[in-house]
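S.K.: What follows is target_33.txt; its format and atoms are compact mmCIF, C-alpha atoms.
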```txt
# COMPACT_ATOMS: atom_id res chain seq x y z
CA MET C 1 119.66 86.61 41.36
CA THR C 2 122.23 88.69 39.58
CA THR C 3 124.29 88.11 36.49
CA GLN C 4 128.03 88.64 36.24
CA GLU C 5 127.54 92.19 34.97
CA GLY C 6 125.63 93.12 38.16
CA MET C 7 122.23 93.47 36.54
CA ALA C 8 119.24 92.14 38.42
CA VAL C 9 117.47 89.22 36.82
CA ALA C 10 114.10 87.95 37.96
CA GLY C 11 114.25 84.33 39.01
CA SER C 12 111.50 81.77 39.34
CA ASP C 13 110.91 82.68 43.00
CA THR C 14 110.94 86.45 42.55
CA GLU C 15 108.69 88.75 40.68
CA GLU C 16 109.45 92.26 39.55
CA LEU C 17 106.70 94.79 39.91
CA GLN C 18 106.78 97.96 37.93
CA THR C 19 104.64 100.99 38.53
CA THR C 20 103.43 102.75 35.44
CA LEU C 21 101.60 106.05 35.59
CA LEU C 22 98.55 106.05 33.40
CA PRO C 23 97.55 109.23 31.62
CA ILE C 24 94.59 111.03 33.15
CA PRO C 25 91.90 111.84 30.63
CA GLU C 26 91.52 115.57 30.37
CA GLN C 27 88.18 117.17 30.97
CA PRO C 28 87.21 119.89 28.52
CA GLY C 29 87.89 123.30 30.05
CA ALA C 30 89.75 121.94 33.12
CA PRO C 31 93.52 122.15 33.52
CA ALA C 32 95.30 118.82 33.68
CA GLU C 33 96.47 118.29 37.26
CA PRO C 34 97.86 115.16 38.86
CA PRO C 35 95.55 113.50 41.38
CA VAL C 36 96.13 114.30 45.02
CA VAL C 37 96.82 111.26 47.17
CA VAL C 38 96.06 111.67 50.86
CA THR C 39 97.72 109.24 53.22
CA PRO C 40 96.14 108.86 56.65
CA GLN C 41 98.31 109.95 59.55
CA PRO C 42 98.75 107.48 62.42
CA GLU C 43 96.90 108.42 65.57
CA ALA C 44 98.92 109.58 68.51
CA PRO C 45 99.08 106.99 71.31
CA VAL C 46 96.90 107.69 74.31
CA VAL C 47 98.94 107.89 77.50
CA VAL C 48 97.07 107.19 80.70
CA THR C 49 98.82 108.26 83.85
CA PRO C 50 97.73 106.38 86.96
CA VAL C 51 96.39 108.41 89.84
CA PRO C 52 98.59 107.86 92.90
CA GLN C 53 96.88 106.10 95.78
CA PRO C 54 96.98 107.43 99.33
CA ALA C 55 99.45 105.72 101.66
CA ARG C 56 96.71 104.11 103.76
CA VAL C 57 95.18 102.49 100.66
CA ARG C 58 98.58 101.12 99.59
CA ARG C 59 99.20 99.73 103.09
CA TRP C 60 95.72 98.13 103.21
CA ARG C 61 96.25 96.49 99.81
CA GLY C 62 99.68 95.33 100.93
CA LEU C 63 98.18 93.76 104.06
CA THR C 64 95.41 91.98 102.16
CA GLY C 65 97.89 90.83 99.52
CA SER C 66 100.09 89.40 102.24
CA LEU C 67 97.12 87.58 103.75
CA ALA C 68 96.14 86.13 100.36
CA VAL C 69 99.68 84.94 99.60
CA GLY C 70 100.00 83.61 103.14
CA LEU C 71 96.84 81.55 102.67
CA ALA C 72 98.24 80.19 99.41
CA ALA C 73 101.51 79.22 101.13
CA LEU C 74 99.57 77.63 104.00
CA ALA C 75 97.52 75.62 101.49
CA VAL C 76 100.73 74.32 99.90
CA VAL C 77 102.09 73.33 103.34
CA VAL C 78 98.84 71.56 104.29
CA LEU C 79 98.74 69.69 100.98
CA ALA C 80 102.41 68.72 101.34
CA SER C 81 101.80 67.42 104.88
CA GLY C 82 98.83 65.42 103.56
CA VAL C 83 101.01 63.84 100.86
CA PHE C 84 103.74 63.16 103.43
CA GLY C 85 101.24 61.52 105.75
CA LEU C 86 99.85 59.45 102.90
CA PHE C 87 103.22 57.98 101.93
CA THR C 88 104.66 57.50 105.43
CA GLY C 89 101.53 56.36 107.23
CA ALA C 90 101.83 59.24 109.69
CA PRO C 91 98.66 61.02 110.77
CA GLY C 92 98.06 64.05 108.57
CA PRO C 93 95.44 66.70 108.13
CA GLY C 94 91.89 65.58 107.53
CA VAL C 95 90.01 65.68 104.26
CA ALA C 96 88.19 68.86 105.28
CA SER C 97 91.46 70.66 105.87
CA LEU C 98 92.94 69.34 102.62
CA VAL C 99 89.98 70.74 100.69
CA ALA C 100 89.28 73.96 102.62
CA HIS C 101 92.80 75.42 102.57
CA PRO C 102 93.20 75.45 98.76
CA VAL C 103 89.63 76.71 98.33
CA ALA C 104 90.26 79.53 100.81
CA ALA C 105 93.55 80.38 99.07
CA VAL C 106 91.90 80.57 95.64
CA LEU C 107 89.03 82.69 96.97
CA ALA C 108 91.46 85.07 98.69
CA LEU C 109 93.63 85.41 95.57
CA VAL C 110 90.59 86.15 93.40
CA ALA C 111 89.37 88.72 95.92
CA GLN C 112 92.86 90.27 95.96
CA HIS C 113 92.70 90.57 92.18
CA PHE C 114 89.54 92.66 92.54
CA ALA C 115 90.99 94.65 95.43
CA ASP C 116 94.05 95.55 93.37
CA ARG C 117 92.30 96.44 90.13
CA ARG C 118 89.12 98.15 91.27
CA ARG C 119 88.41 101.25 93.31
CA GLY C 120 85.76 102.29 95.76
CA ARG C 121 83.32 99.91 97.35
CA VAL C 122 84.21 96.91 95.19
CA ALA C 123 87.85 97.11 96.27
CA GLY C 124 86.86 97.67 99.90
CA PHE C 125 84.49 94.70 100.00
CA ALA C 126 87.07 92.50 98.28
CA ALA C 127 89.68 93.47 100.88
CA LEU C 128 87.25 92.77 103.72
CA ALA C 129 86.46 89.39 102.14
CA ILE C 130 90.16 88.51 102.22
CA VAL C 131 90.39 89.35 105.91
CA ALA C 132 87.22 87.34 106.62
CA ILE C 133 88.46 84.33 104.61
CA ALA C 134 91.82 84.36 106.38
CA ALA C 135 90.21 84.73 109.80
CA ALA C 136 87.67 81.96 109.15
CA THR C 137 90.34 79.58 107.84
CA LEU C 138 92.59 80.16 110.82
CA TRP C 139 89.69 79.99 113.29
CA PHE C 140 88.10 76.77 112.02
CA PHE C 141 91.26 74.85 111.14
CA TRP C 142 93.94 76.22 113.47
CA TRP C 143 91.88 77.32 116.51
CA ILE C 144 93.50 80.68 116.97
```
Can you turn what I pasted into structure tokens?
M.R.:
Amino acid sequence: MTTQEGMAVAGSDTEELQTTLLPIPEQPGAPAEPPVVVTPQPEAPVVVTPVPQPARVRRWRGLTGSLAVGLAALAVVVLASGVFGLFTGAPGPGVASLVAHPVAAVLALVAQHFADRRRGRVAGFAALAIVAIAAATLWFFWWI
């Protein structure tokens, strides 16, 4: 709040704080010096640069990612055909297919998560698991 003269007036919702320097008691024989205040400096941010992957690793992860997303899309199609068959009375996929496709899609997407974010044997085994899940799903439910 301000008055007409432009002076600041403390209102009921504001509070003015004033800083008053207190005198430092002098020690006998020591010169009177102001205290030194040290403010901590913020730490510099740590920048981590990713190590580039070889082209064959990127292609392999791209292939397994495509298989995982393809299984997820196939699960959506199978579930949609099951719902369509339920409402129209048309024959649709069986219960085993309606359960196995989403389970396979979830397992493949989880394995792809590990394949993308890990290195070495863990990433390799996760990628092989995706290929095995996709092959087993297509073999047992689509007879390729």
S.K.: Using all atoms listed in the file for the distances, tell me which of C:Gly82, C:Val47, C:Thr64, C:Ile133 is nearest to Val106 (chain C).
M.R.: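 Once distances to Val106 (chain C) are computed over all atoms listed in the file, the minimum belongs to C:Ile133.
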S.K.: Step by step: start from the point (90.9, 79.0, 99.9) in the file's coordinates, keep every protein, DNA or RNA residue that has an atom no farther than 10 Å from it, count only C-alpha atoms, and write the set as a list in words.
M.R.: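 Returned residue set, sorted by chain then number, is Ala68, Leu71, Ala72, Leu74, Ala75, Val99, Ala100, His101, Pro102, Val103, Ala104, Ala105, Val106, Leu107, Ala108, Leu109, Val110, Ile130, Ile133, Ala134 and Thr137 of chain C.
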S.K.: Can I get the selection written as a PDB file, in the coordinates of the input, with C-alpha atoms?
M.R.:
```
ATOM      1  CA  ALA C  68      96.140  86.130 100.360  1.00  0.00           C
ATOM      2  CA  LEU C  71      96.840  81.550 102.670  1.00  0.00           C
ATOM      3  CA  ALA C  72      98.240  80.190  99.410  1.00  0.00           C
ATOM      4  CA  LEU C  74      99.570  77.630 104.000  1.00  0.00           C
ATOM      5  CA  ALA C  75      97.520  75.620 101.490  1.00  0.00           C
ATOM      6  CA  VAL C  99      89.980  70.740 100.690  1.00  0.00           C
ATOM      7  CA  ALA C 100      89.280  73.960 102.620  1.00  0.00           C
ATOM      8  CA  HIS C 101      92.800  75.420 102.570  1.00  0.00           C
ATOM      9  CA  PRO C 102      93.200  75.450  98.760  1.00  0.00           C
ATOM     10  CA  VAL C 103      89.630  76.710  98.330  1.00  0.00           C
ATOM     11  CA  ALA C 104      90.260  79.530 100.810  1.00  0.00           C
ATOM     12  CA  ALA C 105      93.550  80.380  99.070  1.00  0.00           C
ATOM     13  CA  VAL C 106      91.900  80.570  95.640  1.00  0.00           C
ATOM     14  CA  LEU C 107      89.030  82.690  96.970  1.00  0.00           C
ATOM     15  CA  ALA C 108      91.460  85.070  98.690  1.00  0.00           C
ATOM     16  CA  LEU C 109      93.630  85.410  95.570  1.00  0.00           C
ATOM     17  CA  VAL C 110      90.590  86.150  93.400  1.00  0.00           C
ATOM     18  CA  ILE C 130      90.160  88.510 102.220  1.00  0.00           C
ATOM     19  CA  ILE C 133      88.460  84.330 104.610  1.00  0.00           C
ATOM     20  CA  ALA C 134      91.820  84.360 106.380  1.00  0.00           C
ATOM     21  CA  THR C 137      90.340  79.580 107.840  1.00  0.00           C
TER      22      THR C 137
END
```
S.K.: Could you check which of C:Val36, C:Asp116, C:Ala136, C:Ala80 is closest to Arg59 (chain C), using only C-alpha atoms?
M.R.: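 The closest residue to Arg59 (chain C) is C:Asp116.
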S.K.: Please measure the separation of CA of Leu86 (chain C) and CA of Leu98 (chain C), giving the value in Å to one decimal.
M.R.: 12.1 Å
S.K.: Leaving out Pro91 (chain C) and any residue of its chain fewer than 6 positions from it, which residues lie within 10 Å of it when counting all atoms listed in the file, given as a list of chain:residue names?
M.R.: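 The residues satisfying every condition are C:Ser81, C:Gly82, C:Phe84, C:Gly85.
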S.K.: Go ahead and compute the interatomic distance for CA of Val69 (chain C) and CA of Pro50 (chain C), in Å to one decimal.
M.R.: 25.0 Å
S.K.: Work out how far CA of Gly124 (chain C) is from CA of Val48 (chain C), in Å to one decimal.
M.R.: 23.7 Å
S.K.: Given the choices C:Gln53, C:Gln112, C:Ala123, C:Phe140, which gets closest to Leu67 (chain C) if the distance is worked out from all atoms listed in the file?
M.R.: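 The answer is C:Gln112, which sits nearest to Leu67 (chain C).
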S.K.: Measuring atom to atom with all atoms listed in the file, identify which of C:Ala127, C:Val37, C:Ser97, C:Ala44 is nearest to Val78 (chain C).
M.R.: C:Ser97
S.K.: Is it possible to dump region 48-89 of chain C as a PDB file, in the first residue's frame, including just N, CA and C atoms?
M.R.:
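Result written to decode-v2.pdb:
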```pdb
ATOM      1  N   VAL C  48      26.889 -35.488 -19.115  1.00  0.00           N
ATOM      2  CA  VAL C  48      27.250 -36.829 -19.547  1.00  0.00           C
ATOM      3  C   VAL C  48      26.973 -36.928 -21.035  1.00  0.00           C
ATOM      4  N   THR C  49      28.005 -37.194 -21.792  1.00  0.00           N
ATOM      5  CA  THR C  49      27.814 -37.345 -23.227  1.00  0.00           C
ATOM      6  C   THR C  49      27.670 -38.827 -23.542  1.00  0.00           C
ATOM      7  N   PRO C  50      26.610 -39.192 -24.268  1.00  0.00           N
ATOM      8  CA  PRO C  50      26.416 -40.605 -24.573  1.00  0.00           C
ATOM      9  C   PRO C  50      27.468 -41.096 -25.565  1.00  0.00           C
ATOM     10  N   VAL C  51      27.862 -42.334 -25.383  1.00  0.00           N
ATOM     11  CA  VAL C  51      28.816 -42.947 -26.291  1.00  0.00           C
ATOM     12  C   VAL C  51      28.038 -43.427 -27.514  1.00  0.00           C
ATOM     13  N   PRO C  52      28.450 -43.040 -28.713  1.00  0.00           N
ATOM     14  CA  PRO C  52      27.700 -43.478 -29.896  1.00  0.00           C
ATOM     15  C   PRO C  52      27.785 -44.990 -30.076  1.00  0.00           C
ATOM     16  N   GLN C  53      26.671 -45.574 -30.485  1.00  0.00           N
ATOM     17  CA  GLN C  53      26.591 -47.008 -30.703  1.00  0.00           C
ATOM     18  C   GLN C  53      27.009 -47.338 -32.130  1.00  0.00           C
ATOM     19  N   PRO C  54      27.600 -48.506 -32.337  1.00  0.00           N
ATOM     20  CA  PRO C  54      27.910 -48.917 -33.709  1.00  0.00           C
ATOM     21  C   PRO C  54      26.628 -49.083 -34.520  1.00  0.00           C
ATOM     22  N   ALA C  55      26.750 -48.990 -35.824  1.00  0.00           N
ATOM     23  CA  ALA C  55      25.588 -49.055 -36.709  1.00  0.00           C
ATOM     24  C   ALA C  55      24.857 -50.394 -36.585  1.00  0.00           C
ATOM     25  N   ARG C  56      25.585 -51.481 -36.413  1.00  0.00           N
ATOM     26  CA  ARG C  56      24.915 -52.784 -36.320  1.00  0.00           C
ATOM     27  C   ARG C  56      24.080 -52.892 -35.041  1.00  0.00           C
ATOM     28  N   VAL C  57      24.536 -52.255 -33.961  1.00  0.00           N
ATOM     29  CA  VAL C  57      23.769 -52.268 -32.712  1.00  0.00           C
ATOM     30  C   VAL C  57      22.493 -51.454 -32.885  1.00  0.00           C
ATOM     31  N   ARG C  58      22.603 -50.291 -33.539  1.00  0.00           N
ATOM     32  CA  ARG C  58      21.416 -49.459 -33.774  1.00  0.00           C
ATOM     33  C   ARG C  58      20.409 -50.185 -34.670  1.00  0.00           C
ATOM     34  N   ARG C  59      20.888 -50.867 -35.690  1.00  0.00           N
ATOM     35  CA  ARG C  59      19.975 -51.615 -36.574  1.00  0.00           C
ATOM     36  C   ARG C  59      19.300 -52.757 -35.823  1.00  0.00           C
ATOM     37  N   TRP C  60      20.062 -53.467 -34.993  1.00  0.00           N
ATOM     38  CA  TRP C  60      19.504 -54.587 -34.216  1.00  0.00           C
ATOM     39  C   TRP C  60      18.434 -54.083 -33.252  1.00  0.00           C
ATOM     40  N   ARG C  61      18.706 -52.958 -32.565  1.00  0.00           N
ATOM     41  CA  ARG C  61      17.708 -52.398 -31.664  1.00  0.00           C
ATOM     42  C   ARG C  61      16.506 -51.879 -32.428  1.00  0.00           C
ATOM     43  N   GLY C  62      16.721 -51.365 -33.609  1.00  0.00           N
ATOM     44  CA  GLY C  62      15.594 -50.934 -34.441  1.00  0.00           C
ATOM     45  C   GLY C  62      14.724 -52.106 -34.862  1.00  0.00           C
ATOM     46  N   LEU C  63      15.366 -53.222 -35.215  1.00  0.00           N
ATOM     47  CA  LEU C  63      14.613 -54.419 -35.607  1.00  0.00           C
ATOM     48  C   LEU C  63      13.806 -54.963 -34.430  1.00  0.00           C
ATOM     49  N   THR C  64      14.435 -55.077 -33.261  1.00  0.00           N
ATOM     50  CA  THR C  64      13.710 -55.615 -32.113  1.00  0.00           C
ATOM     51  C   THR C  64      12.612 -54.654 -31.648  1.00  0.00           C
ATOM     52  N   GLY C  65      12.851 -53.366 -31.778  1.00  0.00           N
ATOM     53  CA  GLY C  65      11.807 -52.394 -31.441  1.00  0.00           C
ATOM     54  C   GLY C  65      10.623 -52.507 -32.387  1.00  0.00           C
ATOM     55  N   SER C  66      10.917 -52.727 -33.660  1.00  0.00           N
ATOM     56  CA  SER C  66       9.840 -52.913 -34.630  1.00  0.00           C
ATOM     57  C   SER C  66       9.047 -54.186 -34.341  1.00  0.00           C
ATOM     58  N   LEU C  67       9.731 -55.249 -33.950  1.00  0.00           N
ATOM     59  CA  LEU C  67       9.029 -56.483 -33.601  1.00  0.00           C
ATOM     60  C   LEU C  67       8.143 -56.283 -32.374  1.00  0.00           C
ATOM     61  N   ALA C  68       8.649 -55.564 -31.374  1.00  0.00           N
ATOM     62  CA  ALA C  68       7.868 -55.339 -30.149  1.00  0.00           C
ATOM     63  C   ALA C  68       6.634 -54.482 -30.449  1.00  0.00           C
ATOM     64  N   VAL C  69       6.799 -53.427 -31.218  1.00  0.00           N
ATOM     65  CA  VAL C  69       5.654 -52.579 -31.564  1.00  0.00           C
ATOM     66  C   VAL C  69       4.696 -53.337 -32.475  1.00  0.00           C
ATOM     67  N   GLY C  70       5.228 -54.163 -33.366  1.00  0.00           N
ATOM     68  CA  GLY C  70       4.372 -54.972 -34.223  1.00  0.00           C
ATOM     69  C   GLY C  70       3.529 -55.958 -33.426  1.00  0.00           C
ATOM     70  N   LEU C  71       4.125 -56.550 -32.396  1.00  0.00           N
ATOM     71  CA  LEU C  71       3.345 -57.442 -31.529  1.00  0.00           C
ATOM     72  C   LEU C  71       2.258 -56.676 -30.780  1.00  0.00           C
ATOM     73  N   ALA C  72       2.568 -55.457 -30.357  1.00  0.00           N
ATOM     74  CA  ALA C  72       1.556 -54.640 -29.672  1.00  0.00           C
ATOM     75  C   ALA C  72       0.408 -54.300 -30.625  1.00  0.00           C
ATOM     76  N   ALA C  73       0.735 -53.945 -31.861  1.00  0.00           N
ATOM     77  CA  ALA C  73      -0.310 -53.641 -32.848  1.00  0.00           C
ATOM     78  C   ALA C  73      -1.133 -54.892 -33.163  1.00  0.00           C
ATOM     79  N   LEU C  74      -0.472 -56.026 -33.273  1.00  0.00           N
ATOM     80  CA  LEU C  74      -1.181 -57.281 -33.531  1.00  0.00           C
ATOM     81  C   LEU C  74      -2.113 -57.628 -32.372  1.00  0.00           C
ATOM     82  N   ALA C  75      -1.685 -57.363 -31.148  1.00  0.00           N
ATOM     83  CA  ALA C  75      -2.545 -57.618 -29.987  1.00  0.00           C
ATOM     84  C   ALA C  75      -3.787 -56.743 -30.035  1.00  0.00           C
ATOM     85  N   VAL C  76      -3.619 -55.482 -30.441  1.00  0.00           N
ATOM     86  CA  VAL C  76      -4.775 -54.586 -30.552  1.00  0.00           C
ATOM     87  C   VAL C  76      -5.738 -55.099 -31.625  1.00  0.00           C
ATOM     88  N   VAL C  77      -5.206 -55.556 -32.750  1.00  0.00           N
ATOM     89  CA  VAL C  77      -6.058 -56.075 -33.832  1.00  0.00           C
ATOM     90  C   VAL C  77      -6.798 -57.331 -33.377  1.00  0.00           C
ATOM     91  N   VAL C  78      -6.097 -58.231 -32.683  1.00  0.00           N
ATOM     92  CA  VAL C  78      -6.744 -59.467 -32.216  1.00  0.00           C
ATOM     93  C   VAL C  78      -7.832 -59.139 -31.198  1.00  0.00           C
ATOM     94  N   LEU C  79      -7.556 -58.224 -30.279  1.00  0.00           N
ATOM     95  CA  LEU C  79      -8.575 -57.841 -29.299  1.00  0.00           C
ATOM     96  C   LEU C  79      -9.765 -57.161 -29.973  1.00  0.00           C
ATOM     97  N   ALA C  80      -9.493 -56.322 -30.963  1.00  0.00           N
ATOM     98  CA  ALA C  80     -10.590 -55.664 -31.686  1.00  0.00           C
ATOM     99  C   ALA C  80     -11.427 -56.683 -32.447  1.00  0.00           C
ATOM    100  N   SER C  81     -10.788 -57.691 -33.045  1.00  0.00           N
ATOM    101  CA  SER C  81     -11.573 -58.713 -33.760  1.00  0.00           C
ATOM    102  C   SER C  81     -12.382 -59.561 -32.776  1.00  0.00           C
ATOM    103  N   GLY C  82     -11.857 -59.762 -31.575  1.00  0.00           N
ATOM    104  CA  GLY C  82     -12.622 -60.482 -30.555  1.00  0.00           C
ATOM    105  C   GLY C  82     -13.848 -59.705 -30.121  1.00  0.00           C
ATOM    106  N   VAL C  83     -13.697 -58.388 -29.945  1.00  0.00           N
ATOM    107  CA  VAL C  83     -14.838 -57.544 -29.576  1.00  0.00           C
ATOM    108  C   VAL C  83     -15.848 -57.505 -30.718  1.00  0.00           C
ATOM    109  N   PHE C  84     -15.355 -57.402 -31.941  1.00  0.00           N
ATOM    110  CA  PHE C  84     -16.248 -57.398 -33.107  1.00  0.00           C
ATOM    111  C   PHE C  84     -17.033 -58.700 -33.187  1.00  0.00           C
ATOM    112  N   GLY C  85     -16.333 -59.813 -32.994  1.00  0.00           N
ATOM    113  CA  GLY C  85     -17.013 -61.108 -33.024  1.00  0.00           C
ATOM    114  C   GLY C  85     -18.012 -61.264 -31.890  1.00  0.00           C
ATOM    115  N   LEU C  86     -17.731 -60.684 -30.749  1.00  0.00           N
ATOM    116  CA  LEU C  86     -18.631 -60.765 -29.609  1.00  0.00           C
ATOM    117  C   LEU C  86     -19.945 -60.033 -29.877  1.00  0.00           C
ATOM    118  N   PHE C  87     -19.860 -58.856 -30.494  1.00  0.00           N
ATOM    119  CA  PHE C  87     -21.061 -58.059 -30.717  1.00  0.00           C
ATOM    120  C   PHE C  87     -21.839 -58.447 -31.971  1.00  0.00           C
ATOM    121  N   THR C  88     -21.182 -59.045 -32.951  1.00  0.00           N
ATOM    122  CA  THR C  88     -21.884 -59.403 -34.189  1.00  0.00           C
ATOM    123  C   THR C  88     -22.254 -60.874 -34.259  1.00  0.00           C
ATOM    124  N   GLY C  89     -21.713 -61.669 -33.369  1.00  0.00           N
ATOM    125  CA  GLY C  89     -21.992 -63.105 -33.405  1.00  0.00           C
ATOM    126  C   GLY C  89     -21.118 -63.846 -34.390  1.00  0.00           C
TER     127      GLY C  89
END
```
